[in-house]
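Below is one structure, written out as structure tokens; the observations come after it.
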Amino acid sequence: MKINSSSPICRDRWMAALHVKGQADAQLTAQFSEAEKLLFAAASPKGVYKIMERNDVKTKGFSIEKHLEGCHKVIVMAATLGIGVDNLLRKTQVTDMAMAVVIDSGASVLIEQVCDDFEQQIRQDMLPAHMMYMTSRFSPGYGDYPLTEQSRIIGYLDAQRQIGLHVTSDSLMIPGKSITALIGIADHPVTGRLATCNECVLKEKCTLRKEGKFCGD
């Protein structure tokens, strides 16, 4: 299904993605405006989700098991900005590498915003009729939930046919600006769980950790 997401790309998150501190100068502000215009013209946000019994959703890793603890059902979801953004990035990398970096980071922020909107839409679909409680979303690559599980999620959703999303043999998704995730459902309040740094497969490479920060901050 198409996802309606027309909100401006959050400048604070965009700055963080670029590792820029302080205020954006005039040049960066102009780049943001131009990149945003190009991204909204190129993007075609789509998503698909499916509600499954918890026992039917195979998972690997301590982090995701703890996140879904107490849940009897799972929402399996995927969203993508579409291949148009990949094409835009490839074209811009040839003509203007600096702008390509800005577009790439903006697209990463945009797909998260699209997932926020899609998750809110799912919650509106679910909660009034069923009075269920839901965790936040949890994606492969977070904590010790391996990226290789993206192919399993895509398989559950038939996402290649539904929204044109597939995964390569080395666990890269095409289109690149795409996200897969699980959301737990329970008949009692649940909050899910943030992974700890010690559980994360990126703990030795994490730039936030080197700065004394935590991705849940």
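Each chain in the structure tokens gets a letter, A, B and so on, in the order shown; residues start at 1 in every chain, and ligands are counted from 1 in the order they appear.
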
Would you mind writing down, as a VMD selection string, each residue of chain A that DSSP on the backbone assigns to alpha helix (DSSP H)?
chain A and resid 11 to 17 26 to 42 62 to 67 83 to 95 97 to 130 150 to 157 159 to 163 207 to 210

Using only C-alpha atoms, find each residue of segment 17-65 of chain A with at least one atom at most 10 Å away from an atom of segment 159-162 of chain A; report its shortest atom-to-atom pair and that distance in Å (one decimal), sort the rows by chain and rising residue number, and return the result as JSON lines.
```
{"residue": "A:Lys46", "atom": "CA", "partner": "A:Gln162", "partner_atom": "CA", "distance": 9.1}
{"residue": "A:Gly47", "atom": "CA", "partner": "A:Gln162", "partner_atom": "CA", "distance": 8.4}
{"residue": "A:Val48", "atom": "CA", "partner": "A:Ala159", "partner_atom": "CA", "distance": 7.1}
{"residue": "A:Tyr49", "atom": "CA", "partner": "A:Ala159", "partner_atom": "CA", "distance": 9.1}
```

Would you please extract all strand (DSSP E) residues from chain A, as assigned by DSSP on the backbone, and give them as a VMD selection string?
chain A and resid 46 to 53 73 to 80 133 to 138 166 to 167 173 to 174 178 to 186

Could you name the residues that touch segment 79-86 of chain A at 10 Å or less, counting only C-alpha atoms, but leaving out those on the same chain fewer than 2 positions away, as a ChimeraX atom specification?
/A:1-3,38-49,77,88-92,103-104,107-108,110-112,114-115,118-119,159,163-165,173-181

Quick one: residues within 12 Å of segment 67-70 of chain A, only C-alpha atoms, excluding same-chain residues fewer than 4 positions away - as a PyMOL selection string?
chain A and resi 53-55+57-63+74-75+133-139+142-145+181-196

How far is it from atom CA of Val109 of chain A to atom CA of Ala17 of chain A, in Å with one decimal?
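Computed distance, atom CA of Val109 of chain A to atom CA of Ala17 of chain A, equals 7.6 Å.
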
Quick one: distance from atom CA of Gln31 of chain A to atom CA of Asp116 of chain A in Å, one decimal?
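Separation of atom CA of Gln31 of chain A and atom CA of Asp116 of chain A: 24.4 Å.
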